[in-house]
Amino acid sequence: MHVLLLNGPNLNLLGQREPGIYGQSSLADIEAELAREAKQESVQLDCFQSNFEGALVDRIHQAMGVSAGILINAGAYTHTSIAIRDALAGVAIPYVELHLSNTHAREEFRHHSFLAERAVGVICGFGPASYSLALKGLLSHLRRNA
């Protein structure tokens, strides 16, 4: 089974950017841990990060026919990108939206997600563990609906 992990803008700065909100772990640390967990589940994890909306849309398109599911931390694009929402709808691959911080306990503009409505589930507020929880939830969904 193949799962795609997508990370949006500024997530390449994890470990440096606002550690009080996002924690001390780098994106490479999070990806390595998640890859280890995926391997234990016999899942191939493909990780992709971009600060560019179009690159994320292109990567979603490339997942069609390859990935059984998508994990996505779209960062700020969660609250602004209809293009990413439409790409996810267009490929019809089950996905889980995830965030390190609890977006509902932050600024009001972060309370709305363009992605949540079509997501299998949304995980937020557990720091790096949000990635692990999202993977577990996605795999449970995929296996239940296989």
# chains A, B, ... in the order shown; residues from 1 in each chain; ligands from 1

$ closest_atom_pairs --of "region 67-116 of chain A" --to "region 42-58 of chain A" --cutoff "8 Å" --atoms "only C-alpha atoms" --output "Markdown table"
| residue | atom | partner | partner_atom | distance |
| --- | --- | --- | --- | --- |
| A:Tyr77 | CA | A:Glu53 | CA | 7.5 |
| A:Ser81 | CA | A:Glu53 | CA | 7.9 |
| A:Ala83 | CA | A:Val57 | CA | 7.1 |
| A:Ile84 | CA | A:Val57 | CA | 5.7 |
| A:Ala87 | CA | A:Val57 | CA | 5.9 |

$ write_last_selection --atoms "all heavy atoms" --output "short mmCIF file (atom, residue, chain, number, x, y, z; two decimals), in the first residue's frame"
data_model
loop_
_atom_site.label_atom_id
_atom_site.label_comp_id
_atom_site.auth_asym_id
_atom_site.auth_seq_id
_atom_site.Cartn_x
_atom_site.Cartn_y
_atom_site.Cartn_z
N TYR A 77 -2.49 27.08 3.39
CA TYR A 77 -3.38 26.79 2.27
C TYR A 77 -4.67 26.10 2.70
O TYR A 77 -5.66 26.10 1.97
CB TYR A 77 -2.67 25.93 1.21
CG TYR A 77 -1.62 26.67 0.42
CD1 TYR A 77 -0.43 26.05 0.10
CD2 TYR A 77 -1.82 27.97 -0.02
CE1 TYR A 77 0.55 26.70 -0.63
CE2 TYR A 77 -0.85 28.63 -0.75
CZ TYR A 77 0.33 28.01 -1.05
OH TYR A 77 1.29 28.66 -1.78
N SER A 81 -7.06 27.71 0.03
CA SER A 81 -6.88 27.10 -1.28
C SER A 81 -8.06 26.23 -1.74
O SER A 81 -8.19 25.07 -1.35
CB SER A 81 -5.61 26.25 -1.33
OG SER A 81 -5.47 25.71 -2.63
N ALA A 83 -8.08 25.53 -4.86
CA ALA A 83 -7.37 24.70 -5.85
C ALA A 83 -6.94 23.37 -5.25
O ALA A 83 -7.09 22.31 -5.89
CB ALA A 83 -6.16 25.46 -6.40
N ILE A 84 -6.41 23.39 -4.04
CA ILE A 84 -6.01 22.13 -3.39
C ILE A 84 -7.25 21.31 -3.06
O ILE A 84 -7.26 20.09 -3.27
CB ILE A 84 -5.13 22.41 -2.15
CG1 ILE A 84 -3.78 22.95 -2.61
CG2 ILE A 84 -4.97 21.15 -1.31
CD1 ILE A 84 -2.86 23.40 -1.49
N ALA A 87 -8.37 19.72 -6.27
CA ALA A 87 -7.46 18.66 -6.69
C ALA A 87 -7.74 17.39 -5.90
O ALA A 87 -7.79 16.29 -6.46
CB ALA A 87 -6.00 19.09 -6.51
#

$ residues_around --residues "region 135-144 of chain A" --least-positions-apart "2" --cutoff "9 Å" --atoms "only C-alpha atoms" --output "number ranges by chain"
A: 3, 34, 37-38, 41, 68-71, 94-96, 120-121, 130-133, 146

$ select_by_dssp --residues "chain A" --states "helix (DSSP H, G or I)" --output "NGL selection string"
:A and (11-13 or 19-22 or 27-40 or 53-62 or 75-79 or 82-91 or 103-105 or 108-110 or 116-118 or 129-144)

$ select_by_dssp --residues "chain A" --states "strand (DSSP E)" --output "ChimeraX atom specification"
/A:2-7,44-49,69-73,95-99,121-124

$ write_last_selection --atoms "N, CA and C atoms" --output "PDB file, in the first residue's frame"
ATOM      1  N   HIS A   2       0.480   2.249  -0.737  1.00  0.00           N
ATOM      2  CA  HIS A   2       1.228   3.495  -0.876  1.00  0.00           C
ATOM      3  C   HIS A   2       0.409   4.641  -0.296  1.00  0.00           C
ATOM      4  N   VAL A   3       1.047   5.458   0.551  1.00  0.00           N
ATOM      5  CA  VAL A   3       0.416   6.642   1.128  1.00  0.00           C
ATOM      6  C   VAL A   3       1.305   7.846   0.837  1.00  0.00           C
ATOM      7  N   LEU A   4       0.678   8.934   0.437  1.00  0.00           N
ATOM      8  CA  LEU A   4       1.375  10.183   0.156  1.00  0.00           C
ATOM      9  C   LEU A   4       1.200  11.136   1.331  1.00  0.00           C
ATOM     10  N   LEU A   5       2.307  11.686   1.814  1.00  0.00           N
ATOM     11  CA  LEU A   5       2.286  12.729   2.837  1.00  0.00           C
ATOM     12  C   LEU A   5       2.630  14.050   2.172  1.00  0.00           C
ATOM     13  N   LEU A   6       1.725  15.007   2.258  1.00  0.00           N
ATOM     14  CA  LEU A   6       1.938  16.339   1.699  1.00  0.00           C
ATOM     15  C   LEU A   6       2.049  17.367   2.818  1.00  0.00           C
ATOM     16  N   ASN A   7       3.040  18.221   2.729  1.00  0.00           N
ATOM     17  CA  ASN A   7       3.224  19.325   3.661  1.00  0.00           C
ATOM     18  C   ASN A   7       3.320  20.619   2.881  1.00  0.00           C
ATOM     19  N   GLN A  44       4.217   1.920   2.116  1.00  0.00           N
ATOM     20  CA  GLN A  44       5.251   2.770   1.530  1.00  0.00           C
ATOM     21  C   GLN A  44       4.793   4.213   1.654  1.00  0.00           C
ATOM     22  N   LEU A  45       5.591   5.050   2.295  1.00  0.00           N
ATOM     23  CA  LEU A  45       5.258   6.457   2.501  1.00  0.00           C
ATOM     24  C   LEU A  45       6.101   7.319   1.585  1.00  0.00           C
ATOM     25  N   ASP A  46       5.450   8.181   0.828  1.00  0.00           N
ATOM     26  CA  ASP A  46       6.122   9.132  -0.042  1.00  0.00           C
ATOM     27  C   ASP A  46       5.872  10.518   0.535  1.00  0.00           C
ATOM     28  N   CYS A  47       6.930  11.269   0.832  1.00  0.00           N
ATOM     29  CA  CYS A  47       6.810  12.584   1.456  1.00  0.00           C
ATOM     30  C   CYS A  47       7.128  13.685   0.454  1.00  0.00           C
ATOM     31  N   PHE A  48       6.321  14.744   0.500  1.00  0.00           N
ATOM     32  CA  PHE A  48       6.526  15.884  -0.397  1.00  0.00           C
ATOM     33  C   PHE A  48       6.144  17.155   0.339  1.00  0.00           C
ATOM     34  N   GLN A  49       7.013  18.166   0.263  1.00  0.00           N
ATOM     35  CA  GLN A  49       6.728  19.471   0.847  1.00  0.00           C
ATOM     36  C   GLN A  49       6.965  20.532  -0.203  1.00  0.00           C
ATOM     37  N   GLY A  69      -4.049   6.507  -0.236  1.00  0.00           N
ATOM     38  CA  GLY A  69      -4.519   7.565   0.642  1.00  0.00           C
ATOM     39  C   GLY A  69      -3.510   8.685   0.736  1.00  0.00           C
ATOM     40  N   ILE A  70      -3.984   9.823   1.227  1.00  0.00           N
ATOM     41  CA  ILE A  70      -3.148  11.018   1.355  1.00  0.00           C
ATOM     42  C   ILE A  70      -3.278  11.560   2.775  1.00  0.00           C
ATOM     43  N   LEU A  71      -2.141  11.933   3.346  1.00  0.00           N
ATOM     44  CA  LEU A  71      -2.089  12.709   4.582  1.00  0.00           C
ATOM     45  C   LEU A  71      -1.679  14.108   4.170  1.00  0.00           C
ATOM     46  N   ILE A  72      -2.408  15.126   4.607  1.00  0.00           N
ATOM     47  CA  ILE A  72      -2.074  16.474   4.167  1.00  0.00           C
ATOM     48  C   ILE A  72      -2.112  17.471   5.307  1.00  0.00           C
ATOM     49  N   ASN A  73      -0.975  18.139   5.491  1.00  0.00           N
ATOM     50  CA  ASN A  73      -0.880  19.320   6.328  1.00  0.00           C
ATOM     51  C   ASN A  73      -0.630  20.449   5.346  1.00  0.00           C
ATOM     52  N   TYR A  95      -8.384  11.096   2.094  1.00  0.00           N
ATOM     53  CA  TYR A  95      -7.313  11.847   2.738  1.00  0.00           C
ATOM     54  C   TYR A  95      -7.704  12.255   4.153  1.00  0.00           C
ATOM     55  N   VAL A  96      -6.658  12.485   4.946  1.00  0.00           N
ATOM     56  CA  VAL A  96      -6.816  13.009   6.293  1.00  0.00           C
ATOM     57  C   VAL A  96      -6.085  14.344   6.349  1.00  0.00           C
ATOM     58  N   GLU A  97      -6.795  15.363   6.816  1.00  0.00           N
ATOM     59  CA  GLU A  97      -6.201  16.679   7.056  1.00  0.00           C
ATOM     60  C   GLU A  97      -5.569  16.659   8.442  1.00  0.00           C
ATOM     61  N   LEU A  98      -4.370  17.216   8.562  1.00  0.00           N
ATOM     62  CA  LEU A  98      -3.741  17.237   9.874  1.00  0.00           C
ATOM     63  C   LEU A  98      -2.994  18.535  10.106  1.00  0.00           C
ATOM     64  N   HIS A  99      -2.868  18.867  11.393  1.00  0.00           N
ATOM     65  CA  HIS A  99      -2.163  20.075  11.818  1.00  0.00           C
ATOM     66  C   HIS A  99      -1.445  19.803  13.127  1.00  0.00           C
ATOM     67  N   GLY A 121     -11.059  12.407   7.895  1.00  0.00           N
ATOM     68  CA  GLY A 121     -10.991  12.918   9.255  1.00  0.00           C
ATOM     69  C   GLY A 121     -10.009  14.063   9.338  1.00  0.00           C
ATOM     70  N   VAL A 122     -10.039  14.757  10.473  1.00  0.00           N
ATOM     71  CA  VAL A 122      -9.138  15.876  10.726  1.00  0.00           C
ATOM     72  C   VAL A 122      -8.495  15.659  12.088  1.00  0.00           C
ATOM     73  N   ILE A 123      -7.175  15.759  12.131  1.00  0.00           N
ATOM     74  CA  ILE A 123      -6.412  15.626  13.369  1.00  0.00           C
ATOM     75  C   ILE A 123      -5.665  16.940  13.584  1.00  0.00           C
ATOM     76  N   CYS A 124      -5.791  17.530  14.762  1.00  0.00           N
ATOM     77  CA  CYS A 124      -5.046  18.755  15.039  1.00  0.00           C
ATOM     78  C   CYS A 124      -4.759  18.879  16.524  1.00  0.00           C
TER      79      CYS A 124
END

$ closest_residue --among "A:Ala35, A:Ala116, A:Ala76, A:Leu100" --to "Gly23 (chain A)" --atoms "only C-alpha atoms"
A:Leu100

$ atom_distance --atom1 "CA of Gly125 (chain A)" --atom2 "CA of Tyr22 (chain A)"
9.4 Å

$ closest_residue --among "A:Thr80, A:Arg118, A:Met1, A:Asn12" --to "Gly65 (chain A)" --atoms "only C-alpha atoms"
A:Met1

$ atom_distance --atom1 "CA of Ala129 (chain A)" --atom2 "CA of Ile30 (chain A)"
8.7 Å

$ atom_distance --atom1 "CA of Ser67 (chain A)" --atom2 "CA of Lys39 (chain A)"
15.2 Å

$ residues_around --residues "Leu11 (chain A)" --least-positions-apart "2" --cutoff "8 Å" --atoms "only C-alpha atoms" --output "number ranges by chain"
A: 7-9, 13-14, 27, 49, 75

$ write_last_selection --atoms "N, CA, C and O atoms" --output "mmCIF file, in the first residue's frame"
data_model
loop_
_atom_site.group_PDB
_atom_site.id
_atom_site.type_symbol
_atom_site.label_atom_id
_atom_site.label_comp_id
_atom_site.auth_asym_id
_atom_site.auth_seq_id
_atom_site.Cartn_x
_atom_site.Cartn_y
_atom_site.Cartn_z
ATOM 1 N N ASN A 7 3.040 18.221 2.729
ATOM 2 C CA ASN A 7 3.224 19.325 3.661
ATOM 3 C C ASN A 7 3.320 20.619 2.881
ATOM 4 O O ASN A 7 4.061 20.705 1.898
ATOM 5 N N GLY A 8 2.574 21.610 3.319
ATOM 6 C CA GLY A 8 2.493 22.878 2.617
ATOM 7 C C GLY A 8 3.498 23.912 3.078
ATOM 8 O O GLY A 8 4.534 23.586 3.664
ATOM 9 N N PRO A 9 3.160 25.179 2.845
ATOM 10 C CA PRO A 9 4.104 26.271 3.033
ATOM 11 C C PRO A 9 4.575 26.430 4.475
ATOM 12 O O PRO A 9 3.819 26.244 5.425
ATOM 13 N N LEU A 13 10.283 24.869 7.714
ATOM 14 C CA LEU A 13 10.932 25.613 8.796
ATOM 15 C C LEU A 13 10.651 25.029 10.178
ATOM 16 O O LEU A 13 11.039 25.628 11.192
ATOM 17 N N LEU A 14 9.974 23.880 10.237
ATOM 18 C CA LEU A 14 9.671 23.286 11.535
ATOM 19 C C LEU A 14 10.952 23.071 12.338
ATOM 20 O O LEU A 14 11.985 22.709 11.795
ATOM 21 N N LEU A 27 10.856 18.963 10.126
ATOM 22 C CA LEU A 27 10.029 18.184 9.207
ATOM 23 C C LEU A 27 10.721 16.864 8.881
ATOM 24 O O LEU A 27 10.067 15.820 8.824
ATOM 25 N N GLN A 49 7.013 18.166 0.263
ATOM 26 C CA GLN A 49 6.728 19.471 0.847
ATOM 27 C C GLN A 49 6.965 20.532 -0.203
ATOM 28 O O GLN A 49 7.924 20.461 -0.976
ATOM 29 N N GLY A 75 -0.869 23.521 5.759
ATOM 30 C CA GLY A 75 -0.453 24.783 6.351
ATOM 31 C C GLY A 75 -1.491 25.856 6.074
ATOM 32 O O GLY A 75 -2.701 25.603 6.124
#
